[in-house]
$ cat entry_25.txt   # compact mmCIF, C-alpha atoms and all ligand atoms
# COMPACT_ATOMS: atom_id res chain seq x y z
CA MET V 581 -7.85 -23.29 -3.56
CA THR V 582 -10.69 -21.04 -2.50
CA THR V 583 -12.52 -20.49 -5.75
CA ASP V 584 -14.07 -17.13 -5.06
CA LEU V 585 -11.12 -15.16 -3.76
CA TYR V 586 -9.78 -12.56 -6.17
CA ARG V 587 -7.01 -10.00 -6.10
CA LEU V 588 -6.98 -6.78 -8.07
CA VAL V 589 -3.94 -4.51 -8.30
CA TYR V 590 -4.09 -1.12 -10.01
CA TYR V 591 -2.37 2.21 -9.99
CA SER V 592 -3.72 5.65 -10.83
CA ARG V 593 -2.79 9.32 -10.98
CA ASN V 594 -3.71 11.56 -8.09
CA ARG V 595 -6.23 14.32 -8.84
CA LEU V 596 -6.51 15.61 -5.28
CA GLU V 597 -5.64 19.27 -4.94
CA GLY V 598 -4.57 21.47 -2.08
CA SER V 599 -1.82 21.74 0.47
CA ARG V 600 -0.10 18.68 1.88
CA GLU V 601 -2.35 18.92 4.89
CA GLU V 602 -5.51 19.13 2.77
CA VAL V 603 -4.47 16.19 0.65
CA ARG V 604 -3.76 14.19 3.79
CA ARG V 605 -7.21 15.02 5.13
CA GLN V 606 -8.86 13.98 1.85
CA ILE V 607 -6.99 10.69 1.90
CA GLY V 608 -8.22 10.26 5.47
CA ASP V 609 -11.79 10.67 4.19
CA ILE V 610 -11.20 8.08 1.45
CA LEU V 611 -9.79 5.63 3.98
CA ALA V 612 -12.65 6.08 6.43
CA VAL V 613 -15.24 5.29 3.73
CA SER V 614 -13.09 2.46 2.38
CA LYS V 615 -12.79 0.77 5.76
CA ARG V 616 -16.53 0.99 6.33
CA ASN V 617 -17.49 -0.34 2.89
CA ASN V 618 -14.73 -2.94 2.70
CA SER V 619 -15.52 -4.44 6.10
CA ALA V 620 -19.14 -4.85 5.01
CA GLY V 621 -18.13 -6.50 1.71
CA GLY V 622 -15.38 -8.81 2.94
CA ILE V 623 -12.73 -6.77 1.12
CA THR V 624 -9.19 -6.41 2.47
CA GLY V 625 -6.20 -4.69 0.94
CA ALA V 626 -3.78 -1.80 1.00
CA LEU V 627 -3.36 1.65 -0.47
CA VAL V 628 -0.16 3.56 -1.15
CA PHE V 629 0.05 7.22 -2.11
CA ASN V 630 3.34 8.51 -3.37
CA SER V 631 4.76 10.84 -5.97
CA GLY V 632 1.28 11.72 -7.18
CA ILE V 633 0.39 8.07 -7.73
CA PHE V 634 -1.97 5.74 -5.92
CA ALA V 635 -1.45 2.00 -5.94
CA GLN V 636 -4.03 -0.26 -4.39
CA VAL V 637 -4.59 -3.94 -3.77
CA LEU V 638 -8.17 -5.12 -3.32
CA GLU V 639 -8.88 -8.73 -2.37
CA GLY V 640 -12.08 -10.57 -1.59
CA PRO V 641 -15.05 -12.29 -3.25
CA GLY V 642 -15.04 -11.62 -7.00
CA ASN V 643 -18.37 -9.79 -7.09
CA GLU V 644 -17.40 -7.54 -4.18
CA VAL V 645 -14.01 -6.71 -5.65
CA GLU V 646 -15.68 -5.84 -8.96
CA ALA V 647 -18.38 -3.69 -7.35
CA THR V 648 -15.82 -1.85 -5.22
CA PHE V 649 -13.52 -1.27 -8.14
CA GLU V 650 -16.42 0.02 -10.28
CA ARG V 651 -16.99 2.76 -7.72
CA ILE V 652 -13.30 3.50 -7.34
CA GLN V 653 -12.84 3.80 -11.10
CA ARG V 654 -15.53 6.46 -11.36
CA ASP V 655 -14.04 8.53 -8.54
CA PRO V 656 -12.84 11.93 -9.78
CA ARG V 657 -10.26 12.15 -7.01
CA HIS V 658 -7.92 10.14 -9.22
CA GLY V 659 -7.62 9.24 -12.91
CA ASP V 660 -5.83 7.16 -15.56
CA VAL V 661 -6.69 4.07 -13.56
CA ASP V 662 -4.63 1.18 -14.87
CA VAL V 663 -5.33 -2.42 -13.80
CA LEU V 664 -2.20 -4.54 -13.62
CA GLU V 665 -3.68 -7.71 -12.23
CA PHE V 666 -7.12 -9.19 -11.58
CA GLU V 667 -7.08 -12.89 -10.90
CA GLY V 668 -8.04 -15.67 -8.53
CA THR V 669 -5.79 -16.26 -5.57
CA HIS V 670 -5.63 -18.87 -2.84
CA GLN V 671 -4.96 -16.54 0.07
CA ARG V 672 -5.24 -12.95 1.14
CA GLY V 673 -2.09 -10.85 1.35
CA PHE V 674 -3.65 -8.37 3.80
CA PRO V 675 -5.99 -10.54 5.88
CA SER V 676 -6.20 -8.22 8.87
CA TRP V 677 -6.57 -4.89 7.08
CA SER V 678 -9.89 -3.63 5.71
CA MET V 679 -7.63 -1.08 3.99
CA ALA V 680 -4.06 -0.63 5.17
CA PHE V 681 -2.68 2.80 4.38
CA LEU V 682 1.01 2.51 3.72
CA GLY V 683 1.48 6.25 3.34
CA ALA V 684 4.42 7.82 1.68
CA SER V 685 7.21 5.33 1.97
CA GLU V 686 10.87 5.51 1.15
CA GLN V 687 10.30 2.61 -1.16
CA ASP V 688 8.44 4.26 -3.99
CA ARG V 689 11.13 3.62 -6.53
CA ALA V 690 11.10 -0.02 -5.56
CA LEU V 691 7.32 0.07 -5.79
CA PHE V 692 6.65 1.97 -8.96
CA GLY V 693 9.92 1.87 -10.86
CA ASP V 694 9.29 2.84 -14.45
CA LEU V 695 5.54 2.77 -14.87
CA GLY V 696 5.75 3.61 -18.54
CA ASP V 697 7.24 0.24 -19.29
CA THR V 698 4.30 -2.14 -18.94
CA SER V 699 3.00 -2.81 -22.41
CA GLY V 700 2.83 -6.62 -22.66
CA PHE V 701 0.34 -8.75 -20.75
CA GLU V 702 3.03 -10.78 -18.98
CA GLU V 703 4.99 -7.65 -18.10
CA ARG V 704 1.89 -6.08 -16.57
CA ARG V 705 1.12 -9.20 -14.56
CA LEU V 706 4.66 -9.27 -13.22
CA ARG V 707 4.45 -5.56 -12.39
CA GLY V 708 1.21 -6.22 -10.50
CA GLU V 709 2.83 -9.04 -8.56
CA HIS V 710 5.84 -6.89 -7.78
CA ILE V 711 3.68 -4.04 -6.43
CA PHE V 712 1.69 -6.57 -4.38
CA ASP V 713 4.89 -8.09 -2.92
CA VAL V 714 6.42 -4.74 -1.97
CA MET V 715 3.16 -3.47 -0.44
CA GLN V 716 2.78 -6.65 1.57
CA ARG V 717 6.31 -6.29 2.89
CA ILE V 718 5.71 -2.67 3.91
CA ALA V 719 2.42 -3.59 5.60
CA LEU V 720 4.04 -6.36 7.61
CA GLU V 721 6.95 -4.12 8.62
CA GLU V 722 4.59 -1.32 9.64
CA GLU V 723 1.88 -3.48 11.19
CA PRO V 724 1.61 -1.51 14.43
CA ARG V 725 0.57 1.63 12.59
CA ALA V 726 -1.44 0.05 9.80
CA ASP V 727 -5.09 -0.79 10.28
P1 LIG V 801 -20.00 8.23 -0.16
O1 LIG V 801 -18.64 8.18 0.42
O2 LIG V 801 -21.11 8.67 0.70
O3 LIG V 801 -19.87 9.17 -1.46
C1 LIG V 801 -20.99 9.41 -2.33
C2 LIG V 801 -20.48 9.82 -3.71
O4 LIG V 801 -19.73 11.03 -3.64
C3 LIG V 801 -19.54 8.78 -4.34
O5 LIG V 801 -19.84 8.70 -5.72
C4 LIG V 801 -18.16 9.38 -4.14
O6 LIG V 801 -17.26 8.93 -5.13
C5 LIG V 801 -18.43 10.87 -4.19
N1 LIG V 801 -17.50 11.65 -3.35
C6 LIG V 801 -17.42 11.62 -2.00
N2 LIG V 801 -16.49 12.49 -1.57
C7 LIG V 801 -15.98 13.08 -2.66
C8 LIG V 801 -14.99 14.08 -2.87
N3 LIG V 801 -14.34 14.66 -1.85
N4 LIG V 801 -14.71 14.44 -4.13
C9 LIG V 801 -15.35 13.88 -5.18
N5 LIG V 801 -16.30 12.94 -5.05
C10 LIG V 801 -16.61 12.55 -3.82
N6 LIG V 801 -14.04 2.96 -1.65
C11 LIG V 801 -14.23 1.75 -1.08
O7 LIG V 801 -15.37 1.40 -0.74
N7 LIG V 801 -13.18 0.89 -0.88
C12 LIG V 801 -11.90 1.20 -1.23
O8 LIG V 801 -10.98 0.40 -1.00
C13 LIG V 801 -11.67 2.47 -1.85
N8 LIG V 801 -10.44 2.84 -2.24
C14 LIG V 801 -10.26 4.04 -2.88
C15 LIG V 801 -8.99 4.39 -3.35
C16 LIG V 801 -8.79 5.60 -4.02
C17 LIG V 801 -7.42 5.95 -4.54
C18 LIG V 801 -9.87 6.49 -4.21
C19 LIG V 801 -9.67 7.79 -4.93
C20 LIG V 801 -11.14 6.15 -3.75
C21 LIG V 801 -11.34 4.94 -3.07
N9 LIG V 801 -12.60 4.58 -2.59
C22 LIG V 801 -12.79 3.34 -2.03
C23 LIG V 801 -13.73 5.51 -2.63
C24 LIG V 801 -14.66 5.18 -3.78
O9 LIG V 801 -14.14 5.72 -4.96
C25 LIG V 801 -16.06 5.77 -3.53
O10 LIG V 801 -15.94 7.14 -3.26
C26 LIG V 801 -16.70 5.10 -2.32
O11 LIG V 801 -16.61 3.71 -2.40
C27 LIG V 801 -18.19 5.53 -2.29
O12 LIG V 801 -18.66 5.15 -1.06
P2 LIG V 801 -20.18 5.38 -0.68
O13 LIG V 801 -21.05 4.72 -1.70
O14 LIG V 801 -20.34 4.92 0.72
O15 LIG V 801 -20.47 6.89 -0.89

$ encode --input "entry_25.txt" --output "structure tokens" --more "lines below"
Ligand code: FAD
Amino acid sequence: MTTDLYRLVYYSRNRLEGSREEVRRQIGDILAVSKRNNSAGGITGALVFNSGIFAQVLEGPGNEVEATFERIQRDPRHGDVDVLEFEGTHQRGFPSWSMAFLGASEQDRALFGDLGDTSGFEERRLRGEHIFDVMQRIALEEEPRAD
């Protein structure tokens, strides 16, 4: 087991405003900065935006994941950031993506289900694992257009 490899899974509420096109452009800006910063910090992962919700997986060295997430948490472009999982892992789920954007997929019900229902610690961990699994499946299916 690689000791310093961590995975963080969170979801948050979108605060981006504007037309579909403007929101898409703003997400493009977020992704461009993310790819630049994440490559430099050894971070990989994936981002989904659907139904007004972001879900993101960040993986990499613990200190880099924490520093990245600190910035993300303060970002006014989203809010109500809710961490489902932050723990050590033995391998990356998105090894070839500095930040895969999975876009608006048909699978958002499978992904998010009932987000209100995650009160207990174990439930939250399982929800985090579920989101990670579905995102990984989407990324692998859509590999040619992910980055
Ligand atoms: P710059 O991009 O130069 O930004 C400087 C400051 O301005 C930052 O505080 C930034 O938050 C703020 N800012 C920039 N543009 C806007 C804007 N349009 N509206 C409001 N504030 C703005 N960053 C990563 O490095 N990796 C990630 O994986 C990542 N994922 C993200 C996922 C989501 C859902 C969101 C909303 C943001 C994400 N970010 C990510 C961006 C992150 O929140 C910071 O904006 C970014 O890391 C800051 O990069 P920078 O220091 O190079 O500053």

$ closest_residue --input "entry_25.txt" --among "V:Leu627, V:Val661, V:Leu611, V:Leu585" --to "Asn643 (chain V)" --atoms "all atoms listed in the file"
V:Leu585

$ closest_residue --input "entry_25.txt" --among "V:Asp662, V:Gly621, V:Ile652, V:Ser631" --to "Gly708 (chain V)" --atoms "all atoms listed in the file"
V:Asp662

$ closest_residue --input "entry_25.txt" --among "V:Gly625, V:Gly598, V:Gly642, V:Gly608" --to "ligand LIG 801 (chain V)" --atoms "only C-alpha atoms and all ligand atoms"
V:Gly625

$ residues_near_ligand --input "entry_25.txt" --ligand "ligand LIG 801 (chain V)" --cutoff "8 Å" --atoms "all atoms listed in the file" --output "NGL selection string"
:V and (592 or 594 or 606-607 or 609-611 or 613-618 or 623-627 or 629 or 634-636 or 638 or 648-649 or 651-658 or 678-679)

$ write_last_selection --input "entry_25.txt" --atoms "C-alpha atoms" --output "PDB file, in the frame of the given file"
ATOM      1  CA  SER V 592      -3.720   5.650 -10.830  1.00  0.00           C
ATOM      2  CA  ASN V 594      -3.710  11.560  -8.090  1.00  0.00           C
ATOM      3  CA  GLN V 606      -8.860  13.980   1.850  1.00  0.00           C
ATOM      4  CA  ILE V 607      -6.990  10.690   1.900  1.00  0.00           C
ATOM      5  CA  ASP V 609     -11.790  10.670   4.190  1.00  0.00           C
ATOM      6  CA  ILE V 610     -11.200   8.080   1.450  1.00  0.00           C
ATOM      7  CA  LEU V 611      -9.790   5.630   3.980  1.00  0.00           C
ATOM      8  CA  VAL V 613     -15.240   5.290   3.730  1.00  0.00           C
ATOM      9  CA  SER V 614     -13.090   2.460   2.380  1.00  0.00           C
ATOM     10  CA  LYS V 615     -12.790   0.770   5.760  1.00  0.00           C
ATOM     11  CA  ARG V 616     -16.530   0.990   6.330  1.00  0.00           C
ATOM     12  CA  ASN V 617     -17.490  -0.340   2.890  1.00  0.00           C
ATOM     13  CA  ASN V 618     -14.730  -2.940   2.700  1.00  0.00           C
ATOM     14  CA  ILE V 623     -12.730  -6.770   1.120  1.00  0.00           C
ATOM     15  CA  THR V 624      -9.190  -6.410   2.470  1.00  0.00           C
ATOM     16  CA  GLY V 625      -6.200  -4.690   0.940  1.00  0.00           C
ATOM     17  CA  ALA V 626      -3.780  -1.800   1.000  1.00  0.00           C
ATOM     18  CA  LEU V 627      -3.360   1.650  -0.470  1.00  0.00           C
ATOM     19  CA  PHE V 629       0.050   7.220  -2.110  1.00  0.00           C
ATOM     20  CA  PHE V 634      -1.970   5.740  -5.920  1.00  0.00           C
ATOM     21  CA  ALA V 635      -1.450   2.000  -5.940  1.00  0.00           C
ATOM     22  CA  GLN V 636      -4.030  -0.260  -4.390  1.00  0.00           C
ATOM     23  CA  LEU V 638      -8.170  -5.120  -3.320  1.00  0.00           C
ATOM     24  CA  THR V 648     -15.820  -1.850  -5.220  1.00  0.00           C
ATOM     25  CA  PHE V 649     -13.520  -1.270  -8.140  1.00  0.00           C
ATOM     26  CA  ARG V 651     -16.990   2.760  -7.720  1.00  0.00           C
ATOM     27  CA  ILE V 652     -13.300   3.500  -7.340  1.00  0.00           C
ATOM     28  CA  GLN V 653     -12.840   3.800 -11.100  1.00  0.00           C
ATOM     29  CA  ARG V 654     -15.530   6.460 -11.360  1.00  0.00           C
ATOM     30  CA  ASP V 655     -14.040   8.530  -8.540  1.00  0.00           C
ATOM     31  CA  PRO V 656     -12.840  11.930  -9.780  1.00  0.00           C
ATOM     32  CA  ARG V 657     -10.260  12.150  -7.010  1.00  0.00           C
ATOM     33  CA  HIS V 658      -7.920  10.140  -9.220  1.00  0.00           C
ATOM     34  CA  SER V 678      -9.890  -3.630   5.710  1.00  0.00           C
ATOM     35  CA  MET V 679      -7.630  -1.080   3.990  1.00  0.00           C
TER      36      MET V 679
END

$ atom_distance --input "entry_25.txt" --atom1 "CA of Leu682 (chain V)" --atom2 "CA of Gly700 (chain V)"
28.0 Å

$ atom_distance --input "entry_25.txt" --atom1 "CA of Val589 (chain V)" --atom2 "CA of Trp677 (chain V)"
15.6 Å

$ atom_distance --input "entry_25.txt" --atom1 "CA of Phe712 (chain V)" --atom2 "CA of Thr669 (chain V)"
12.3 Å

$ closest_residue --input "entry_25.txt" --among "V:Glu644, V:Val637, V:Ser599, V:Gly659" --to "Asp713 (chain V)" --atoms "all atoms listed in the file"
V:Val637
